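J.: Before anything else, here's the structure in question.
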Amino acid sequence: MKNYHDKLFPYAYNILGSSEDAKDAIQDILIKYLAIDKKNIENEIGYLIRSVINHSINLKKEKK
């Protein structure tokens, strides 16, 4: 999971502008990811990047 965090962090941080918020967003996505059925996911890191980007955008909208 550490490897995923390192890859996902720049995306979340660039959107949210806060290290703590980025870490929280990544944690939210990784928890959801561990709970889903992954058999239809062909590109795992691509899926996680897209999920983190979307989640970060939603979090930023909620804060406004």
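Following the order of the structure tokens, chains are lettered A, B, ..., residues in each are numbered from 1, and ligands are numbered from 1.
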Quick one: everything within 9 Å of A:Lys60, counting only C-alpha atoms, minus sequence neighbours fewer than 4 positions away in the same chain. Send it as a tab-separated table (two decimals) with all heavy atoms, in the first residue's frame.
T.:
chain	number	residue	atom	x	y	z
A	15	ILE	N	-4.57	18.84	-6.18
A	15	ILE	CA	-5.97	19.28	-6.19
A	15	ILE	C	-6.36	19.93	-4.87
A	15	ILE	O	-6.99	20.99	-4.85
A	15	ILE	CB	-6.91	18.09	-6.51
A	15	ILE	CG1	-6.66	17.62	-7.94
A	15	ILE	CG2	-8.38	18.47	-6.32
A	15	ILE	CD1	-7.30	16.29	-8.28
A	16	LEU	N	-5.97	19.31	-3.77
A	16	LEU	CA	-6.42	19.77	-2.46
A	16	LEU	C	-5.51	20.81	-1.83
A	16	LEU	O	-5.96	21.60	-1.00
A	16	LEU	CB	-6.56	18.57	-1.53
A	16	LEU	CG	-7.64	17.56	-1.94
A	16	LEU	CD1	-7.52	16.29	-1.13
A	16	LEU	CD2	-9.01	18.17	-1.81
A	55	HIS	N	-12.27	11.84	-6.20
A	55	HIS	CA	-12.57	12.03	-4.78
A	55	HIS	C	-12.01	13.37	-4.28
A	55	HIS	O	-12.69	14.09	-3.54
A	55	HIS	CB	-12.01	10.87	-3.97
A	55	HIS	CG	-12.40	10.88	-2.54
A	55	HIS	ND1	-13.72	10.86	-2.11
A	55	HIS	CD2	-11.65	10.91	-1.40
A	55	HIS	CE1	-13.75	10.87	-0.80
A	55	HIS	NE2	-12.50	10.91	-0.35
A	56	SER	N	-10.81	13.70	-4.73
A	56	SER	CA	-10.19	14.97	-4.32
A	56	SER	C	-10.99	16.16	-4.84
A	56	SER	O	-11.18	17.15	-4.12
A	56	SER	CB	-8.75	15.04	-4.82
A	56	SER	OG	-7.98	14.02	-4.25
A	64	LYS	N	-15.93	24.31	-0.27
A	64	LYS	CA	-16.29	25.68	-0.68
A	64	LYS	C	-17.61	26.09	-0.13
A	64	LYS	O	-18.45	25.42	0.23
A	64	LYS	CB	-16.32	25.78	-2.21
A	64	LYS	CG	-14.94	25.78	-2.80
A	64	LYS	CD	-15.00	26.06	-4.27
A	64	LYS	CE	-13.60	26.17	-4.82
A	64	LYS	NZ	-13.57	26.54	-6.21
J.: From the list A:Asp21, A:Glu42, A:Asp37, A:Asp28, which residue is nearest A:Lys63 when using only C-alpha atoms?
T.: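 Of A:Asp21, A:Glu42, A:Asp37, A:Asp28, the one nearest A:Lys63, counting only C-alpha atoms, is A:Asp21.
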J.: Of the residues A:Leu59, A:Ala22, A:Ala12, A:Leu48, which is the one nearest to A:Leu34, using only C-alpha atoms?
T.: A:Leu48
J.: Using Å and a single decimal, report how far atom CA of A:Gln27 sits from atom CA of A:Lys7.
T.: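 Between atom CA of A:Lys7 and atom CA of A:Gln27 the gap is 12.9 Å.
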J.: I need the residues in chain A that are alpha helix (DSSP H) according to DSSP; give them as a PyMOL selection string.
T.: chain A and resi 2-16+19-35+44-63
J.: May I ask which of the residues A:Ile41, A:Leu30, A:Ala25, A:Ile36 is the closest one to A:Asn58, counting only C-alpha atoms?
T.: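 Result for the nearest residue to A:Asn58: A:Ala25.
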J.: Counting only C-alpha atoms, which residue out of A:Lys38, A:Glu62, A:Ile53, A:Gly46 sits closest to A:Tyr13?
T.: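 Of A:Lys38, A:Glu62, A:Ile53, A:Gly46, the one nearest A:Tyr13, counting only C-alpha atoms, is A:Ile53.
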